[in-house]
$ cat start30.txt   # compact mmCIF, C-alpha atoms and all ligand atoms
# COMPACT_ATOMS: atom_id res chain seq x y z
CA MET L 1 15.36 -10.06 -18.77
CA THR L 2 16.61 -7.72 -16.06
CA ALA L 3 14.43 -6.64 -13.19
CA ALA L 4 14.05 -3.25 -14.92
CA GLU L 5 12.93 -4.79 -18.20
CA ARG L 6 10.44 -7.01 -16.44
CA ALA L 7 9.28 -4.00 -14.53
CA ALA L 8 8.72 -2.02 -17.73
CA THR L 9 6.11 -4.52 -18.76
CA THR L 10 4.65 -5.42 -15.39
CA ARG L 11 5.17 -2.49 -13.07
CA ILE L 12 2.29 -0.29 -14.05
CA THR L 13 -0.02 -3.19 -14.59
CA ALA L 14 -3.26 -2.69 -12.78
CA ALA L 15 -4.25 -5.73 -10.80
CA ARG L 16 -7.01 -7.37 -12.75
CA THR L 17 -10.10 -7.24 -10.63
CA THR L 18 -11.61 -10.17 -12.42
CA THR L 19 -12.83 -11.46 -9.10
CA ASP L 20 -15.60 -8.86 -9.22
CA ARG L 21 -17.55 -10.76 -6.61
CA ASP L 22 -19.35 -7.53 -5.88
CA THR L 23 -21.91 -8.25 -8.52
CA ALA L 24 -24.97 -8.10 -6.31
CA GLY L 25 -27.02 -4.91 -6.65
CA PRO L 26 -27.06 -2.62 -3.65
CA SER L 27 -30.56 -3.43 -2.49
CA ALA L 28 -29.97 -7.16 -2.90
CA VAL L 29 -26.77 -6.95 -0.90
CA LEU L 30 -28.39 -6.27 2.37
CA SER L 31 -31.21 -8.72 2.00
CA ALA L 32 -29.35 -11.65 0.49
CA GLU L 33 -25.80 -10.78 1.57
CA GLY L 34 -24.14 -11.08 -1.80
CA SER L 35 -26.06 -13.99 -3.19
CA ALA L 36 -28.29 -12.00 -5.54
CA GLU L 37 -28.27 -11.99 -9.32
CA PRO L 38 -25.28 -10.33 -10.93
CA SER L 39 -25.90 -6.74 -11.98
CA ALA L 40 -25.75 -5.78 -15.64
CA GLU L 41 -22.73 -3.52 -15.15
CA PRO L 42 -19.79 -4.63 -17.30
CA SER L 43 -16.57 -5.43 -15.47
CA ALA L 44 -14.48 -2.23 -15.51
CA ALA L 45 -11.01 -3.56 -14.89
CA PRO L 46 -8.84 -3.23 -17.98
CA VAL L 47 -5.13 -3.68 -17.49
CA LEU L 48 -3.41 -0.33 -17.37
CA THR L 49 0.00 -0.14 -19.01
CA ALA L 50 2.94 2.17 -18.36
CA ALA L 51 2.24 3.65 -21.78
CA ASP L 52 -1.33 4.57 -20.76
CA LEU L 53 -0.03 6.52 -17.81
CA ILE L 54 2.80 8.23 -19.61
CA ALA L 55 0.47 9.19 -22.46
CA ASP L 56 -2.00 10.85 -20.13
CA PRO L 57 -0.69 11.21 -16.57
CA GLY L 58 -3.09 14.08 -15.89
CA ALA L 59 -6.06 11.74 -16.30
CA HIS L 60 -5.24 9.87 -13.09
CA ARG L 61 -5.22 10.52 -9.39
CA VAL L 62 -3.39 8.17 -7.04
CA LEU L 63 -4.04 7.58 -3.37
CA THR L 64 -1.98 5.27 -1.24
CA GLY L 65 -0.83 5.12 2.35
CA ASP L 66 0.66 3.38 5.35
CA ARG L 67 -0.08 2.84 9.01
CA PRO L 68 2.16 4.78 11.43
CA THR L 69 3.07 1.62 13.33
CA GLY L 70 6.83 1.80 12.80
CA PRO L 71 9.48 2.64 10.24
CA LEU L 72 8.95 1.75 6.59
CA HIS L 73 10.87 -1.29 5.39
CA LEU L 74 12.21 -2.78 2.18
CA GLY L 75 8.84 -4.43 1.48
CA HIS L 76 7.23 -0.99 1.41
CA TYR L 77 9.93 0.37 -0.84
CA PHE L 78 9.79 -2.33 -3.51
CA GLY L 79 6.10 -3.09 -2.95
CA THR L 80 4.69 0.40 -3.33
CA LEU L 81 6.95 3.35 -2.46
CA GLN L 82 9.11 3.07 -5.56
CA ASN L 83 5.95 3.00 -7.72
CA ARG L 84 4.60 6.07 -5.97
CA VAL L 85 7.74 8.03 -6.76
CA ARG L 86 7.71 6.87 -10.39
CA LEU L 87 4.07 7.87 -10.80
CA GLN L 88 4.71 11.25 -9.19
CA ASP L 89 7.66 11.80 -11.51
CA GLN L 90 5.49 10.92 -14.51
CA GLY L 91 3.14 13.73 -13.49
CA VAL L 92 0.32 11.69 -11.94
CA GLU L 93 -1.40 13.56 -9.09
CA MET L 94 -0.50 11.86 -5.84
CA PHE L 95 -2.14 11.65 -2.39
CA VAL L 96 -0.24 9.84 0.38
CA LEU L 97 -2.14 9.11 3.53
CA VAL L 98 -0.89 8.30 7.01
CA ALA L 99 -3.58 5.90 8.27
CA ASP L 100 -3.37 6.77 11.96
CA TYR L 101 -6.86 5.54 12.92
CA GLN L 102 -5.90 2.13 11.55
CA VAL L 103 -3.22 1.80 14.22
CA ILE L 104 -5.90 1.05 16.81
CA THR L 105 -7.43 -1.77 14.77
CA ASP L 106 -5.04 -4.36 16.23
CA ARG L 107 -3.69 -2.70 19.39
CA ASP L 108 -5.18 -0.78 22.30
CA LEU L 109 -3.06 2.36 22.09
CA ALA L 110 -1.49 4.30 19.26
CA ASP L 111 1.95 4.15 20.82
CA ARG L 112 4.47 6.92 19.90
CA LEU L 113 2.03 8.07 17.22
CA ALA L 114 3.53 11.52 16.55
CA GLU L 115 7.02 10.03 16.23
CA HIS L 116 5.92 7.23 13.89
CA THR L 117 3.89 9.67 11.79
CA GLU L 118 6.80 12.07 11.37
CA ASN L 119 9.08 9.14 10.57
CA LEU L 120 6.75 7.98 7.81
CA VAL L 121 6.99 11.44 6.27
CA LEU L 122 10.76 11.25 6.66
CA ASP L 123 10.83 7.92 4.79
CA TYR L 124 8.56 9.31 2.05
CA LEU L 125 10.73 12.35 1.46
CA ALA L 126 13.95 10.33 1.59
CA ALA L 127 12.51 7.93 -1.02
CA GLY L 128 11.75 10.83 -3.37
CA LEU L 129 8.16 11.90 -2.71
CA ASP L 130 8.01 15.66 -3.16
CA PRO L 131 5.50 17.53 -0.96
CA GLU L 132 5.22 20.20 -3.65
CA ARG L 133 3.71 17.60 -5.95
CA ALA L 134 2.33 14.99 -3.52
CA THR L 135 -0.30 15.73 -0.85
CA ILE L 136 0.90 14.00 2.34
CA PHE L 137 -1.54 13.99 5.29
CA ALA L 138 -2.94 12.00 8.23
CA HIS L 139 -6.56 10.88 7.83
CA SER L 140 -7.47 11.78 11.42
CA ALA L 141 -6.93 15.43 10.43
CA VAL L 142 -9.64 15.27 7.74
CA PRO L 143 -13.09 15.04 9.41
CA ALA L 144 -15.15 14.99 6.19
CA LEU L 145 -13.17 11.98 4.94
CA ASN L 146 -14.10 10.09 8.10
CA GLN L 147 -17.77 11.05 7.83
CA LEU L 148 -17.93 9.23 4.48
CA LEU L 149 -17.44 6.02 6.45
CA LEU L 150 -21.05 6.17 7.71
CA PRO L 151 -22.90 6.02 4.38
CA PHE L 152 -20.27 3.63 3.05
CA LEU L 153 -20.85 1.18 5.91
CA SER L 154 -24.47 0.93 4.83
CA LEU L 155 -23.35 -0.42 1.45
CA VAL L 156 -21.59 -3.60 2.61
CA SER L 157 -22.95 -6.60 4.41
CA VAL L 158 -21.56 -8.13 7.59
CA ALA L 159 -21.02 -11.39 5.69
CA GLU L 160 -18.84 -9.61 3.15
CA LEU L 161 -16.77 -7.97 5.87
CA SER L 162 -16.20 -11.27 7.62
CA ARG L 163 -14.98 -12.96 4.42
CA ASN L 164 -12.09 -10.52 3.85
CA PRO L 165 -8.90 -12.68 3.80
CA THR L 166 -6.52 -9.83 4.74
CA VAL L 167 -8.61 -8.89 7.76
CA LYS L 168 -8.60 -12.58 8.78
CA ASP L 169 -4.79 -12.72 8.41
CA GLU L 170 -4.31 -9.53 10.41
CA ILE L 171 -6.61 -10.79 13.14
CA ALA L 172 -4.55 -14.01 13.25
CA HIS L 173 -1.33 -12.00 13.72
CA SER L 174 -2.78 -9.53 16.21
CA SER L 175 -2.21 -9.99 19.90
CA GLN L 176 -5.71 -8.76 20.73
CA ALA L 177 -7.94 -11.08 22.72
CA ALA L 178 -11.04 -9.83 20.86
CA VAL L 179 -11.52 -8.34 17.41
CA ASN L 180 -12.72 -4.75 17.62
CA GLY L 181 -15.26 -3.15 15.30
CA LEU L 182 -12.70 -0.87 13.70
CA MET L 183 -10.57 -3.85 12.62
CA PHE L 184 -13.62 -5.49 11.15
CA THR L 185 -14.68 -2.42 9.18
CA TYR L 186 -11.34 -0.88 8.25
CA PRO L 187 -11.50 -1.92 4.58
CA VAL L 188 -14.58 0.34 4.36
CA HIS L 189 -12.66 3.12 6.08
CA GLN L 190 -10.00 2.56 3.46
CA ALA L 191 -12.68 2.99 0.78
CA ALA L 192 -13.34 6.43 2.30
CA ASP L 193 -9.57 7.13 2.20
CA ILE L 194 -9.49 6.38 -1.50
CA LEU L 195 -12.80 7.81 -2.62
CA PHE L 196 -12.77 11.12 -0.73
CA CYS L 197 -10.35 12.45 -3.35
CA LYS L 198 -11.83 10.30 -6.16
CA ALA L 199 -8.56 8.46 -6.71
CA ASP L 200 -8.65 5.96 -9.55
CA LEU L 201 -5.30 4.23 -8.95
CA VAL L 202 -3.93 2.73 -5.75
CA PRO L 203 -0.33 1.38 -5.73
CA VAL L 204 -0.38 -1.35 -3.10
CA GLY L 205 1.10 -4.64 -2.03
CA GLN L 206 -0.71 -7.90 -2.59
CA ASP L 207 -2.27 -7.99 0.88
CA GLN L 208 -4.32 -4.93 -0.02
CA LEU L 209 -6.10 -6.40 -3.06
CA PRO L 210 -9.17 -7.60 -1.11
CA HIS L 211 -9.51 -4.08 0.27
CA LEU L 212 -9.39 -2.61 -3.20
CA GLU L 213 -12.30 -4.88 -4.04
CA VAL L 214 -14.21 -3.39 -1.12
CA ALA L 215 -13.49 0.14 -2.36
CA ARG L 216 -14.65 -0.83 -5.85
CA THR L 217 -17.80 -2.39 -4.43
CA VAL L 218 -18.57 0.68 -2.31
CA ALA L 219 -18.05 3.01 -5.28
CA ARG L 220 -20.25 0.95 -7.56
CA ARG L 221 -23.06 0.50 -5.08
CA PHE L 222 -22.99 4.16 -4.06
CA ASN L 223 -23.14 5.24 -7.70
CA GLU L 224 -26.05 2.90 -8.39
CA ARG L 225 -27.99 3.92 -5.33
CA TYR L 226 -27.25 7.65 -5.37
CA PRO L 227 -26.61 8.91 -8.91
CA HIS L 228 -26.52 12.61 -9.75
CA ALA L 229 -29.76 14.05 -11.14
CA ASP L 230 -28.34 13.69 -14.66
CA GLY L 231 -27.52 10.02 -13.98
CA SER L 232 -23.75 10.53 -13.74
CA ALA L 233 -21.68 8.74 -11.09
CA VAL L 234 -20.17 10.39 -8.01
CA PHE L 235 -17.16 8.09 -7.65
CA PRO L 236 -14.66 6.42 -10.00
CA ARG L 237 -13.99 2.69 -9.45
CA PRO L 238 -10.38 2.59 -8.26
CA ARG L 239 -7.86 0.04 -9.49
CA ALA L 240 -4.80 -1.42 -7.81
CA LEU L 241 -1.31 -1.00 -9.18
CA ILE L 242 0.83 -3.95 -8.28
CA SER L 243 4.61 -3.82 -8.38
CA GLU L 244 7.00 -6.59 -9.35
CA ALA L 245 7.44 -7.33 -5.63
CA PRO L 246 3.86 -7.36 -4.38
CA MET L 247 4.86 -9.32 -1.30
CA LEU L 248 8.45 -9.16 -0.17
CA LEU L 249 9.16 -11.75 2.50
CA GLY L 250 10.64 -10.99 5.87
CA THR L 251 13.40 -12.87 7.68
CA ASP L 252 10.86 -15.45 8.91
CA CYS L 253 9.56 -16.14 5.37
CA GLY L 254 6.24 -14.44 6.19
CA LYS L 255 5.19 -11.07 4.71
CA MET L 256 7.75 -8.45 5.74
CA SER L 257 5.79 -6.28 8.18
CA LYS L 258 6.51 -3.41 10.51
CA SER L 259 4.78 -5.18 13.37
CA ARG L 260 6.20 -8.70 13.01
CA GLY L 261 9.88 -8.15 13.86
CA ASN L 262 10.99 -9.58 10.51
CA ALA L 263 11.84 -6.42 8.56
CA VAL L 264 14.84 -4.37 7.43
CA ALA L 265 13.88 -0.71 7.89
CA LEU L 266 14.73 1.72 5.10
CA GLY L 267 16.53 3.84 7.68
CA ALA L 268 18.47 0.95 9.29
CA ASP L 269 22.24 1.44 9.33
CA GLU L 270 24.57 -0.90 7.44
CA ASP L 271 25.53 -3.02 10.46
CA GLU L 272 21.94 -3.47 11.52
CA THR L 273 21.00 -4.41 7.96
CA ALA L 274 23.76 -7.03 7.94
CA ARG L 275 22.72 -8.44 11.31
CA ILE L 276 19.05 -8.79 10.29
CA ILE L 277 19.80 -10.38 6.91
CA ARG L 278 22.31 -12.81 8.45
CA GLY L 279 19.48 -14.01 10.69
CA ALA L 280 17.09 -14.68 7.79
CA ARG L 281 15.66 -18.18 7.53
CA THR L 282 16.97 -20.20 4.56
CA ASP L 283 17.42 -23.95 4.05
CA ALA L 284 20.18 -26.57 4.12
CA ASP L 285 20.64 -27.00 0.34
CA ARG L 286 23.98 -25.37 -0.62
CA ARG L 287 22.99 -25.05 -4.26
CA ILE L 288 21.24 -21.70 -4.65
CA THR L 289 18.21 -21.73 -6.95
CA TYR L 290 15.31 -19.35 -7.53
CA ASP L 291 12.17 -21.25 -6.60
CA PRO L 292 9.72 -18.95 -4.78
CA THR L 293 7.25 -21.73 -4.00
CA GLY L 294 9.64 -24.50 -2.98
CA ARG L 295 12.35 -22.33 -1.39
CA PRO L 296 10.71 -19.11 -0.13
CA GLY L 297 13.60 -18.08 2.15
CA VAL L 298 16.38 -18.40 -0.43
CA SER L 299 14.17 -16.96 -3.19
CA GLY L 300 13.07 -13.97 -1.11
CA LEU L 301 16.73 -13.08 -0.54
CA LEU L 302 17.55 -13.56 -4.21
CA LEU L 303 14.66 -11.30 -5.20
CA LEU L 304 15.88 -8.63 -2.82
CA ALA L 305 19.38 -8.70 -4.31
CA ALA L 306 17.86 -8.72 -7.81
CA LEU L 307 15.70 -5.67 -7.13
CA CYS L 308 18.67 -3.78 -5.73
CA GLN L 309 20.98 -4.79 -8.59
CA ASP L 310 18.30 -4.52 -11.30
CA ARG L 311 19.13 -8.00 -12.53
CA ALA L 312 17.24 -11.29 -12.74
CA PRO L 313 17.16 -13.40 -9.54
CA GLU L 314 17.91 -16.52 -11.59
CA THR L 315 21.18 -14.99 -12.84
CA ILE L 316 22.31 -14.15 -9.32
CA ALA L 317 21.41 -17.69 -8.24
CA GLU L 318 23.55 -19.17 -11.04
CA GLU L 319 26.49 -16.99 -10.08
CA ILE L 320 26.32 -18.16 -6.47
CA GLY L 321 25.95 -21.80 -7.54
CA ASP L 322 27.06 -24.04 -4.67
CA GLY L 323 28.12 -21.11 -2.48
CA GLY L 324 25.32 -21.72 0.01
CA ALA L 325 23.33 -19.35 2.19
CA ALA L 326 26.40 -17.56 3.59
CA VAL L 327 27.48 -16.29 0.15
CA LEU L 328 23.88 -15.46 -0.75
CA LYS L 329 23.46 -13.39 2.40
CA ARG L 330 26.75 -11.58 1.87
CA ILE L 331 25.60 -10.56 -1.62
CA VAL L 332 22.19 -9.47 -0.35
CA ILE L 333 23.75 -7.38 2.44
CA GLU L 334 26.11 -5.65 0.00
CA SER L 335 23.32 -5.06 -2.53
CA VAL L 336 20.88 -3.61 -0.01
CA ASN L 337 23.45 -1.38 1.65
CA GLU L 338 24.71 -0.08 -1.67
CA TYR L 339 21.27 0.53 -3.16
CA PHE L 340 19.90 2.33 -0.11
CA ARG L 341 23.02 4.36 0.72
CA PRO L 342 21.86 7.57 -1.05
CA LEU L 343 18.35 7.27 0.43
CA ARG L 344 19.81 6.80 3.89
CA VAL L 345 22.09 9.82 3.53
CA ARG L 346 19.10 11.96 2.47
CA ARG L 347 17.07 10.54 5.34
CA ALA L 348 19.71 11.51 7.89
CA GLU L 349 19.82 15.06 6.51
CA LEU L 350 16.03 15.43 6.53
CA ALA L 351 15.83 14.04 10.08
CA THR L 352 17.54 17.14 11.44
CA ASP L 353 14.46 19.28 10.69
CA ARG L 354 11.41 17.74 12.39
CA GLY L 355 9.55 21.06 12.03
CA HIS L 356 9.64 20.63 8.25
CA LEU L 357 8.05 17.17 8.54
CA ARG L 358 5.20 18.60 10.64
CA GLN L 359 4.76 21.45 8.17
CA VAL L 360 4.45 18.96 5.30
CA LEU L 361 1.61 17.24 7.20
CA ARG L 362 -0.14 20.54 7.98
CA ALA L 363 -0.06 21.70 4.36
CA GLY L 364 -1.23 18.27 3.18
CA ALA L 365 -4.13 18.24 5.66
CA GLU L 366 -5.26 21.67 4.51
CA ARG L 367 -5.44 20.56 0.91
CA ALA L 368 -7.04 17.20 1.76
CA ASN L 369 -9.69 18.94 3.90
CA ALA L 370 -10.71 21.24 1.05
CA ILE L 371 -11.19 18.23 -1.24
CA ALA L 372 -12.96 16.13 1.40
CA ASP L 373 -15.39 18.96 2.21
CA THR L 374 -16.34 19.23 -1.46
CA THR L 375 -16.83 15.47 -1.81
CA LEU L 376 -18.90 15.24 1.38
CA ALA L 377 -21.13 18.11 0.19
CA GLU L 378 -21.66 16.24 -3.09
CA VAL L 379 -22.42 13.01 -1.24
CA ARG L 380 -24.92 14.73 1.04
CA GLU L 381 -26.60 16.32 -1.92
CA VAL L 382 -27.13 13.09 -3.87
CA MET L 383 -28.26 11.32 -0.69
CA GLY L 384 -30.87 13.97 0.03
CA ALA L 385 -28.75 15.87 2.57
CA ILE L 386 -28.39 13.18 5.22
P1 LIG J 1 1.85 -3.51 9.92
O1 LIG J 1 2.64 -4.74 10.28
O2 LIG J 1 1.83 -2.49 11.01
O3 LIG J 1 0.48 -3.80 9.37
P2 LIG J 1 2.93 -3.32 7.27
O4 LIG J 1 4.38 -3.60 7.17
O5 LIG J 1 1.97 -4.39 6.88
O6 LIG J 1 2.67 -2.80 8.74
P3 LIG J 1 1.21 -1.31 6.13
O7 LIG J 1 1.30 0.09 6.63
O8 LIG J 1 0.10 -2.17 6.66
O9 LIG J 1 2.61 -2.03 6.43
O10 LIG J 1 1.18 -1.35 4.53
C1 LIG J 1 1.42 -0.20 3.75
C2 LIG J 1 1.54 -0.56 2.29
O11 LIG J 1 2.73 -1.30 2.05
C3 LIG J 1 0.41 -1.43 1.73
O12 LIG J 1 0.15 -1.04 0.40
C4 LIG J 1 1.00 -2.81 1.73
O13 LIG J 1 0.40 -3.65 0.77
C5 LIG J 1 2.46 -2.54 1.39
N1 LIG J 1 3.32 -3.57 1.94
C6 LIG J 1 3.49 -3.82 3.26
N2 LIG J 1 4.33 -4.87 3.42
C7 LIG J 1 4.71 -5.27 2.18
C8 LIG J 1 5.59 -6.30 1.70
N3 LIG J 1 6.20 -7.12 2.53
N4 LIG J 1 5.77 -6.43 0.36
C9 LIG J 1 5.12 -5.59 -0.49
N5 LIG J 1 4.28 -4.59 -0.11
C10 LIG J 1 4.07 -4.43 1.21
MG MG J 2 -0.20 -4.14 7.29
$ encode --input "start30.txt" --output "structure tokens"
Amino acid sequence: MTAAERAATTRITAARTTTDRDTAGPSAVLSAEGSAEPSAEPSAAPVLTAADLIADPGAHRVLTGDRPTGPLHLGHYFGTLQNRVRLQDQGVEMFVLVADYQVITDRDLADRLAEHTENLVLDYLAAGLDPERATIFAHSAVPALNQLLLPFLSLVSVAELSRNPTVKDEIAHSSQAAVNGLMFTYPVHQAADILFCKADLVPVGQDQLPHLEVARTVARRFNERYPHADGSAVFPRPRALISEAPMLLGTDCGKMSKSRGNAVALGADEDETARIIRGARTDADRRITYDPTGRPGVSGLLLLAALCQDRAPETIAEEIGDGGAAVLKRIVIESVNEYFRPLRVRRAELATDRGHLRQVLRAGAERANAIADTTLAEVREVMGAI
């Protein structure tokens, strides 16, 4: 099966949220911190297929986003960006959020924030997001979205926040001497990002799945505690959309990340791409095989070539045979540079008009504010106007 065929069956598969550990009722949560009896609510996490979306794209709203901490990389592209563009092109309503407050979760200052924010927009547009169809905005520009954080924080326990594996991983990789409160609570802020526009689908990488669980928990507990007068729910329970590359590895075999110096940026030039990939960690075995668990370095490179060529990584491995890491890297460099050439040309063209990038953000913020104001008014009403 080629990468495309595999993708047809797996791409638009919602991550099963079978780990619904959020089964404690809202009042029990705060007293017993998650150890209460399960609620009677049935698990609402069916697998969503590509066919479901194509059949009724208008029934869904997607929200997804990135931190403006640096340029987007290949992990973003294959992990979520490509899915966003596909969903947009299928007619699903799309919100793309620049999570600028999240920058100061693991660093003191939001360094070069305006530049990073504009560059995110540049990467989005170059990858095919269309501001006429997708609402692109920074969450700091939407006050009502941020106000939702306050009631939402009352719906999760401190014990639940401290168990979040992604927060733990990010704390481990952060250079901060102490963990700040924003880092600790940012999954709840992310729930506000998703729920302010009542998004039901969130295309994300694997590291975000625990946060999706938080958003689902917040939505469910809010709905139980504060239903409309007619008993209907305020928020949908969002689901994750996982791509076929939910965690692309970086050159050090860890998650490719903007902040870890292990990434190939979408906008990197061909020489820089070659230099970074040549430096990727592999192993001494000359025979190239696809074994993600046993040989993460070699397999991560094979997957990258496979995604770019739309072929199976095993086939590429067989073709290389005993060629060793040098041949593998040459193929990966050629594949990446060829696949991203059109995107990089578009990116260079778009980069000449920074005013347009700022205008995209202004128009997006205006639309997001109108929606957030409506949602906050609804929330205040069901809560008794707090
Ligand atoms: P930082 O190092 O600053 O945290 P990052 O590279 O982790 O940056 P984020 O802005 O935190 O990027 O993540 C944005 C989105 O991209 C999330 O949905 C995340 O799951 C996804 N993503 C990030 N890195 C990868 C990767 N290596 N593979 C697949 N998806 C990824
Ligand atoms: Mg991250």
$ residues_around --input "start30.txt" --residues "Arg133 (chain L)" --least-positions-apart "3" --cutoff "9 Å" --atoms "all atoms listed in the file" --output "PyMOL selection string"
chain L and resi 88-89+91+93-94+129-130
$ write_last_selection --input "start30.txt" --atoms "C-alpha atoms" --output "PDB file, in the coordinates of the input"
ATOM      1  CA  GLN L  88       4.710  11.250  -9.190  1.00  0.00           C
ATOM      2  CA  ASP L  89       7.660  11.800 -11.510  1.00  0.00           C
ATOM      3  CA  GLY L  91       3.140  13.730 -13.490  1.00  0.00           C
ATOM      4  CA  GLU L  93      -1.400  13.560  -9.090  1.00  0.00           C
ATOM      5  CA  MET L  94      -0.500  11.860  -5.840  1.00  0.00           C
ATOM      6  CA  LEU L 129       8.160  11.900  -2.710  1.00  0.00           C
ATOM      7  CA  ASP L 130       8.010  15.660  -3.160  1.00  0.00           C
TER       8      ASP L 130
END
$ residues_near_ligand --input "start30.txt" --ligand "ligand MG 2 (chain J)" --cutoff "9 Å" --atoms "all atoms listed in the file" --output "list in words"
Asp66, Arg67, Thr69, Thr166, Glu170, Asp207, Gln208, Ser257, Lys258 and Ser259 of chain L
$ residues_near_ligand --input "start30.txt" --ligand "ligand LIG 1 (chain J)" --cutoff "7 Å" --atoms "all atoms listed in the file" --output "JSON, numbers by chain"
{"L": [64, 65, 66, 67, 68, 69, 70, 75, 76, 78, 79, 80, 203, 204, 205, 206, 207, 208, 245, 246, 247, 248, 249, 250, 255, 256, 257, 258, 259, 260]}
$ atom_distance --input "start30.txt" --atom1 "CA of Ala365 (chain L)" --atom2 "CA of Pro342 (chain L)"
28.9 Å
$ residues_around --input "start30.txt" --residues "region 264-266 of chain L" --least-positions-apart "4" --cutoff "7 Å" --atoms "all atoms listed in the file" --output "list in words"
Pro71, Leu72, His73, Leu74, Thr273 and Ile276 of chain L
$ residues_around --input "start30.txt" --residues "His211 (chain L)" --least-positions-apart "3" --cutoff "9 Å" --atoms "all atoms listed in the file" --output "PDB file with C-alpha atoms, keeping the file's coordinate frame"
ATOM      1  CA  ASN L 164     -12.090 -10.520   3.850  1.00  0.00           C
ATOM      2  CA  THR L 166      -6.520  -9.830   4.740  1.00  0.00           C
ATOM      3  CA  VAL L 167      -8.610  -8.890   7.760  1.00  0.00           C
ATOM      4  CA  TYR L 186     -11.340  -0.880   8.250  1.00  0.00           C
ATOM      5  CA  PRO L 187     -11.500  -1.920   4.580  1.00  0.00           C
ATOM      6  CA  VAL L 188     -14.580   0.340   4.360  1.00  0.00           C
ATOM      7  CA  GLN L 190     -10.000   2.560   3.460  1.00  0.00           C
ATOM      8  CA  ALA L 191     -12.680   2.990   0.780  1.00  0.00           C
ATOM      9  CA  ASP L 207      -2.270  -7.990   0.880  1.00  0.00           C
ATOM     10  CA  GLN L 208      -4.320  -4.930  -0.020  1.00  0.00           C
ATOM     11  CA  VAL L 214     -14.210  -3.390  -1.120  1.00  0.00           C
ATOM     12  CA  ALA L 215     -13.490   0.140  -2.360  1.00  0.00           C
ATOM     13  CA  ARG L 216     -14.650  -0.830  -5.850  1.00  0.00           C
TER      14      ARG L 216
END
$ residues_around --input "start30.txt" --residues "Ala377 (chain L)" --least-positions-apart "3" --cutoff "12 Å" --atoms "only C-alpha atoms" --output "number ranges by chain"
L: 144-145, 147-148, 196, 234, 370-374, 380-386
$ atom_distance --input "start30.txt" --atom1 "CA of Val202 (chain L)" --atom2 "CA of Arg220 (chain L)"
16.5 Å
$ residues_around --input "start30.txt" --residues "Asp200 (chain L)" --least-positions-apart "5" --cutoff "10 Å" --atoms "only C-alpha atoms" --output "mmCIF file with C-alpha atoms, in the frame of the given file"
data_model
loop_
_atom_site.group_PDB
_atom_site.id
_atom_site.type_symbol
_atom_site.label_atom_id
_atom_site.label_comp_id
_atom_site.auth_asym_id
_atom_site.auth_seq_id
_atom_site.Cartn_x
_atom_site.Cartn_y
_atom_site.Cartn_z
ATOM 1 C CA ALA L 59 -6.060 11.740 -16.300
ATOM 2 C CA HIS L 60 -5.240 9.870 -13.090
ATOM 3 C CA ARG L 61 -5.220 10.520 -9.390
ATOM 4 C CA VAL L 62 -3.390 8.170 -7.040
ATOM 5 C CA LEU L 63 -4.040 7.580 -3.370
ATOM 6 C CA ILE L 194 -9.490 6.380 -1.500
ATOM 7 C CA LEU L 195 -12.800 7.810 -2.620
ATOM 8 C CA ARG L 216 -14.650 -0.830 -5.850
ATOM 9 C CA PHE L 235 -17.160 8.090 -7.650
ATOM 10 C CA PRO L 236 -14.660 6.420 -10.000
ATOM 11 C CA ARG L 237 -13.990 2.690 -9.450
ATOM 12 C CA PRO L 238 -10.380 2.590 -8.260
ATOM 13 C CA ARG L 239 -7.860 0.040 -9.490
ATOM 14 C CA ALA L 240 -4.800 -1.420 -7.810
#
